[in-house]
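Remarks on the structure that follows.
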Amino acid sequence: MKFQKQILVFVLLISLSISLLSGCGTQKQQISRNGFFFDTIITITLYGTDNESYINSCFSLASDYEKKFSNTIKDSEISKINQNAGSYVSVSDETIELLTDAIEYGNISGGKFDVTIGNLSDLWNFSEIAKNSGSPDNKVDSSVVPSDEEIKKQLSHVNYHCIQIDGNRVKLTDPDSKLDVGGIAKGYIADKMRTYLNQEGITSGVISLGGNVLTLGSKTDNKPYTIGIQKPFADTGTPLAELRVKDASIVSSGIYERYYRVGDKLYHHILDTETGYPVENNLYQVTIISQSSMDGDALSTTCFALGLEKGMELIEETDGIEAVFVTDDGNLHYSSGIGDNEELSLKQL
């Protein structure tokens, strides 16, 4: 039987690989602005209004959540939990909400998705090493690869069961564990923005958080939006396929987002919580189409880690979720709910 997932109407690294290919045509009223939060560019485009206050409010939400969820801001709530591992820390309702759902995703994924992966991710340090490689294909010296001993040490502290919640208090029972909610925070924020905008009567537009794309309703002519799925390792904005969607979230995880090479070996940021090493399963990318952007965040990572067969099985068993898998031979594999209709369709380019 399909398990029923609650649609989570609330909302984290990386430049995920989806780009908006086409907007809403000629509009009588529209407004679009960029902001920078969570080390990523946020673009909000609204149709049917030219009132900047709506976007200002969305950016205020992003700023507020960044101060709660970022593990690079020293006085954020997540950082305080990490700094006081073993002791309870009082946090906001939003942080409790986020961590409660992180635990749920850990259960659903069998631990493939785990927000206590912080120290292991820091050990691999993909973003900084790739940025400083000085090579167009991110080639680096083998000395940057962590030792097996170091990996095993940090892997032993990856266990979301050590997150303890008591009312509005949180603690990590393992003092050497570290939270990193980057895998779901952007989705959480996107969902919160949509909820706010809908409450204000804004029902047409696009929210993009570094690749997490969330469409509001349909275009003002009632046509679907066209969203491009990034071609792995191609120049940013080069599409492999197009999705046509209405009122949906599109989130991708892929090996080309943050990676480096040692010789012919590619090391990427999607880590296997069983081995501590990057996942190896002949996948280049997974794209999740859902109502909740936070669902898309967590499931894109989970399904990538599970691989094509088990990942597709999870999608087919989950109501309201569809997926596109891209294998390393360039082929697309998509779930049964993606059809040839205005609500949700796929076109390979």
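Chains: A, B, ... in order of the structure tokens. Residues: from 1 per chain. Ligands: from 1, in order shown.
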
Every residue of segment 109-343 of chain A that DSSP places in alpha helix (DSSP H), as an MDAnalysis selection string: chainID A and resid 118:124 126:131 148:155 185:199 293:306 308:316

Neighbours of segment 276-283 of chain A within 9 Å (only C-alpha atoms; same-chain residues fewer than 5 positions away dropped), as a ChimeraX atom specification? /A:120,124,148,151-152,154-155,254-255,267-271,304-308,325-329

In terms of the shortest atom-to-atom distance over only C-alpha atoms, which of A:Ser109, A:Ser336, A:Ser60, A:Thr215 is closest to Phe37 of chain A? A:Ser60

Could you pull the residues within 9 Å of Leu172 of chain A, counting only C-alpha atoms, minus those fewer than 5 positions along the same chain, as a short mmCIF file (atom, residue, chain, number, x, y, z; two decimals) with N, CA, C and O atoms, in the first residue's frame?
data_model
loop_
_atom_site.label_atom_id
_atom_site.label_comp_id
_atom_site.auth_asym_id
_atom_site.auth_seq_id
_atom_site.Cartn_x
_atom_site.Cartn_y
_atom_site.Cartn_z
N ILE A 81 22.70 24.46 19.33
CA ILE A 81 22.51 23.03 19.63
C ILE A 81 23.83 22.28 19.43
O ILE A 81 24.23 21.46 20.27
N ASN A 82 24.52 22.59 18.33
CA ASN A 82 25.79 21.93 18.05
C ASN A 82 26.85 22.27 19.10
O ASN A 82 27.63 21.41 19.52
N ASN A 84 26.38 23.03 22.17
CA ASN A 84 26.02 22.54 23.50
C ASN A 84 25.57 21.09 23.46
O ASN A 84 24.68 20.68 24.21
N ALA A 85 26.18 20.32 22.56
CA ALA A 85 25.80 18.91 22.42
C ALA A 85 25.90 18.21 23.77
O ALA A 85 26.87 18.38 24.52
N GLY A 86 24.85 17.46 24.09
CA GLY A 86 24.77 16.79 25.37
C GLY A 86 23.90 17.53 26.36
O GLY A 86 23.52 16.98 27.40
N SER A 87 23.57 18.79 26.04
CA SER A 87 22.71 19.60 26.91
C SER A 87 21.54 20.15 26.10
O SER A 87 21.65 20.38 24.90
N TYR A 88 20.42 20.35 26.78
CA TYR A 88 19.26 20.90 26.11
C TYR A 88 19.45 22.39 25.81
O TYR A 88 20.02 23.13 26.61
N TYR A 160 20.73 10.19 13.39
CA TYR A 160 19.68 11.15 13.71
C TYR A 160 18.90 10.76 14.96
O TYR A 160 18.18 11.60 15.54
N HIS A 161 19.02 9.53 15.42
CA HIS A 161 18.34 9.11 16.66
C HIS A 161 18.92 9.82 17.88
O HIS A 161 18.30 9.78 18.96
N CYS A 162 20.08 10.47 17.73
CA CYS A 162 20.64 11.19 18.88
C CYS A 162 20.02 12.58 19.06
O CYS A 162 20.37 13.29 20.00
N ILE A 163 19.09 12.95 18.17
CA ILE A 163 18.37 14.22 18.33
C ILE A 163 17.22 13.99 19.30
O ILE A 163 16.32 13.20 19.04
N GLN A 164 17.26 14.65 20.43
CA GLN A 164 16.22 14.52 21.44
C GLN A 164 15.44 15.83 21.54
O GLN A 164 16.04 16.89 21.70
N SER A 177 28.38 14.66 17.64
CA SER A 177 27.52 14.76 16.47
C SER A 177 27.32 16.24 16.13
O SER A 177 27.51 17.12 16.97
N LYS A 178 26.95 16.51 14.89
CA LYS A 178 26.75 17.89 14.45
C LYS A 178 25.60 17.97 13.45
O LYS A 178 25.57 17.22 12.47
N LEU A 179 24.68 18.87 13.72
CA LEU A 179 23.55 19.08 12.82
C LEU A 179 23.94 19.91 11.61
O LEU A 179 24.69 20.88 11.71
#

Between atom CA of Cys303 of chain A and atom CA of Glu104 of chain A, distance in Å (one decimal): 15.3 Å

Which residues of segment 289-320 of chain A have any atom within 12 Å of an atom in segment 344-348 of chain A when counting only C-alpha atoms, and what is the closest pair of atoms for each, with the distance in Å to one decimal? Order the rows by chain and rising number and write it as a tab-separated table.
residue	atom	partner	partner_atom	distance
A:Ile289	CA	A:Leu344	CA	9.1
A:Ser290	CA	A:Leu344	CA	10.7
A:Gly320	CA	A:Leu344	CA	11.8

Go ahead and write the residues just picked, C-alpha atoms, as a CSV table (one decimal), in the first residue's frame.
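Saved result, again-v4.csv, follows:
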chain,number,residue,atom,x,y,z
A,289,ILE,CA,8.2,16.9,-8.3
A,290,SER,CA,6.0,17.4,-5.3
A,320,GLY,CA,1.7,12.9,-4.6

Apply DSSP to the structure's backbone, then extract all residues of segment 136-188 of chain A labelled strand (DSSP E or B) and return them as a PyMOL selection string. chain A and resi 139+163-166+169-172+178

Go ahead and write the selection's residues with all heavy atoms as a PDB file, in the first residue's frame.
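Printed below is result-v4.pdb as written:
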ATOM      1  N   LYS A 139      40.001  19.366 -10.673  1.00  0.00           N
ATOM      2  CA  LYS A 139      41.013  18.364 -10.346  1.00  0.00           C
ATOM      3  C   LYS A 139      41.875  18.851  -9.192  1.00  0.00           C
ATOM      4  O   LYS A 139      42.300  20.004  -9.158  1.00  0.00           O
ATOM      5  CB  LYS A 139      41.870  18.047 -11.567  1.00  0.00           C
ATOM      6  CG  LYS A 139      41.171  17.154 -12.580  1.00  0.00           C
ATOM      7  CD  LYS A 139      42.154  16.535 -13.554  1.00  0.00           C
ATOM      8  CE  LYS A 139      41.454  15.502 -14.441  1.00  0.00           C
ATOM      9  NZ  LYS A 139      42.395  14.832 -15.366  1.00  0.00           N
ATOM     10  N   ILE A 163      19.094  12.953  18.169  1.00  0.00           N
ATOM     11  CA  ILE A 163      18.373  14.221  18.331  1.00  0.00           C
ATOM     12  C   ILE A 163      17.224  13.986  19.305  1.00  0.00           C
ATOM     13  O   ILE A 163      16.318  13.196  19.040  1.00  0.00           O
ATOM     14  CB  ILE A 163      17.811  14.727  16.988  1.00  0.00           C
ATOM     15  CG1 ILE A 163      18.912  14.855  15.938  1.00  0.00           C
ATOM     16  CG2 ILE A 163      17.089  16.061  17.184  1.00  0.00           C
ATOM     17  CD1 ILE A 163      18.396  15.122  14.538  1.00  0.00           C
ATOM     18  N   GLN A 164      17.256  14.648  20.426  1.00  0.00           N
ATOM     19  CA  GLN A 164      16.215  14.517  21.437  1.00  0.00           C
ATOM     20  C   GLN A 164      15.442  15.832  21.542  1.00  0.00           C
ATOM     21  O   GLN A 164      16.039  16.894  21.698  1.00  0.00           O
ATOM     22  CB  GLN A 164      16.820  14.166  22.790  1.00  0.00           C
ATOM     23  CG  GLN A 164      17.547  12.831  22.811  1.00  0.00           C
ATOM     24  CD  GLN A 164      16.597  11.649  22.602  1.00  0.00           C
ATOM     25  OE1 GLN A 164      15.559  11.560  23.250  1.00  0.00           O
ATOM     26  NE2 GLN A 164      16.967  10.754  21.700  1.00  0.00           N
ATOM     27  N   ILE A 165      14.107  15.735  21.453  1.00  0.00           N
ATOM     28  CA  ILE A 165      13.244  16.914  21.522  1.00  0.00           C
ATOM     29  C   ILE A 165      12.318  16.778  22.722  1.00  0.00           C
ATOM     30  O   ILE A 165      11.647  15.758  22.891  1.00  0.00           O
ATOM     31  CB  ILE A 165      12.427  17.074  20.225  1.00  0.00           C
ATOM     32  CG1 ILE A 165      13.361  17.290  19.034  1.00  0.00           C
ATOM     33  CG2 ILE A 165      11.439  18.236  20.346  1.00  0.00           C
ATOM     34  CD1 ILE A 165      12.648  17.342  17.688  1.00  0.00           C
ATOM     35  N   ASP A 166      12.298  17.835  23.536  1.00  0.00           N
ATOM     36  CA  ASP A 166      11.421  17.880  24.713  1.00  0.00           C
ATOM     37  C   ASP A 166      10.741  19.252  24.716  1.00  0.00           C
ATOM     38  O   ASP A 166      11.333  20.236  25.153  1.00  0.00           O
ATOM     39  CB  ASP A 166      12.234  17.674  25.990  1.00  0.00           C
ATOM     40  CG  ASP A 166      11.366  17.760  27.252  1.00  0.00           C
ATOM     41  OD1 ASP A 166      10.133  17.663  27.136  1.00  0.00           O
ATOM     42  OD2 ASP A 166      11.942  17.943  28.339  1.00  0.00           O
ATOM     43  N   ARG A 169      12.747  22.304  23.631  1.00  0.00           N
ATOM     44  CA  ARG A 169      14.153  22.093  23.934  1.00  0.00           C
ATOM     45  C   ARG A 169      14.704  20.949  23.087  1.00  0.00           C
ATOM     46  O   ARG A 169      14.014  19.965  22.841  1.00  0.00           O
ATOM     47  CB  ARG A 169      14.353  21.777  25.420  1.00  0.00           C
ATOM     48  CG  ARG A 169      13.836  22.856  26.366  1.00  0.00           C
ATOM     49  CD  ARG A 169      14.265  22.562  27.795  1.00  0.00           C
ATOM     50  NE  ARG A 169      13.905  21.200  28.201  1.00  0.00           N
ATOM     51  CZ  ARG A 169      14.519  20.517  29.156  1.00  0.00           C
ATOM     52  NH1 ARG A 169      15.560  21.056  29.785  1.00  0.00           N
ATOM     53  NH2 ARG A 169      14.121  19.303  29.483  1.00  0.00           N
ATOM     54  N   VAL A 170      15.955  21.118  22.650  1.00  0.00           N
ATOM     55  CA  VAL A 170      16.606  20.115  21.798  1.00  0.00           C
ATOM     56  C   VAL A 170      18.009  19.850  22.325  1.00  0.00           C
ATOM     57  O   VAL A 170      18.703  20.767  22.773  1.00  0.00           O
ATOM     58  CB  VAL A 170      16.713  20.603  20.340  1.00  0.00           C
ATOM     59  CG1 VAL A 170      17.377  19.526  19.473  1.00  0.00           C
ATOM     60  CG2 VAL A 170      15.359  20.969  19.780  1.00  0.00           C
ATOM     61  N   LYS A 171      18.423  18.581  22.254  1.00  0.00           N
ATOM     62  CA  LYS A 171      19.830  18.280  22.539  1.00  0.00           C
ATOM     63  C   LYS A 171      20.287  17.126  21.661  1.00  0.00           C
ATOM     64  O   LYS A 171      19.485  16.323  21.173  1.00  0.00           O
ATOM     65  CB  LYS A 171      20.042  17.941  24.003  1.00  0.00           C
ATOM     66  CG  LYS A 171      19.558  16.569  24.436  1.00  0.00           C
ATOM     67  CD  LYS A 171      19.968  16.286  25.889  1.00  0.00           C
ATOM     68  CE  LYS A 171      19.440  14.939  26.375  1.00  0.00           C
ATOM     69  NZ  LYS A 171      19.845  14.662  27.767  1.00  0.00           N
ATOM     70  N   LEU A 172      21.580  17.089  21.433  1.00  0.00           N
ATOM     71  CA  LEU A 172      22.224  15.956  20.777  1.00  0.00           C
ATOM     72  C   LEU A 172      22.832  15.090  21.869  1.00  0.00           C
ATOM     73  O   LEU A 172      23.699  15.545  22.620  1.00  0.00           O
ATOM     74  CB  LEU A 172      23.308  16.437  19.811  1.00  0.00           C
ATOM     75  CG  LEU A 172      22.851  17.303  18.639  1.00  0.00           C
ATOM     76  CD1 LEU A 172      24.048  17.824  17.854  1.00  0.00           C
ATOM     77  CD2 LEU A 172      21.926  16.513  17.716  1.00  0.00           C
ATOM     78  N   LYS A 178      26.950  16.507  14.885  1.00  0.00           N
ATOM     79  CA  LYS A 178      26.746  17.892  14.450  1.00  0.00           C
ATOM     80  C   LYS A 178      25.596  17.966  13.452  1.00  0.00           C
ATOM     81  O   LYS A 178      25.569  17.223  12.473  1.00  0.00           O
ATOM     82  CB  LYS A 178      28.014  18.455  13.811  1.00  0.00           C
ATOM     83  CG  LYS A 178      27.879  19.915  13.353  1.00  0.00           C
ATOM     84  CD  LYS A 178      29.166  20.414  12.711  1.00  0.00           C
ATOM     85  CE  LYS A 178      29.011  21.843  12.225  1.00  0.00           C
ATOM     86  NZ  LYS A 178      30.259  22.347  11.585  1.00  0.00           N
TER      87      LYS A 178
END

Nearest to Lys246 of chain A, chosen from A:Ser32, A:Gln291, A:Thr318, A:Thr273, with only C-alpha atoms counted in the distances: A:Gln291

Would you pick out the contacts of Lys265 of chain A at 12 Å or less, using only C-alpha atoms, so that residues sharing its chain but fewer than 6 positions from it are not included, and give the list as a short mmCIF file (atom, residue, chain, number, x, y, z; two decimals) with C-alpha atoms, in the first residue's frame?
data_model
loop_
_atom_site.label_atom_id
_atom_site.label_comp_id
_atom_site.auth_asym_id
_atom_site.auth_seq_id
_atom_site.Cartn_x
_atom_site.Cartn_y
_atom_site.Cartn_z
CA ASP A 137 37.18 20.34 -14.01
CA ASN A 138 37.96 20.62 -10.28
CA LYS A 139 41.01 18.36 -10.35
CA VAL A 140 42.88 18.29 -7.05
CA ASP A 141 45.71 16.44 -5.34
CA SER A 142 44.89 13.14 -3.64
CA VAL A 145 40.68 13.04 0.26
CA TYR A 259 32.54 17.75 -6.44
CA PRO A 278 30.19 9.53 -1.86
CA GLU A 280 28.30 5.22 -6.16
#
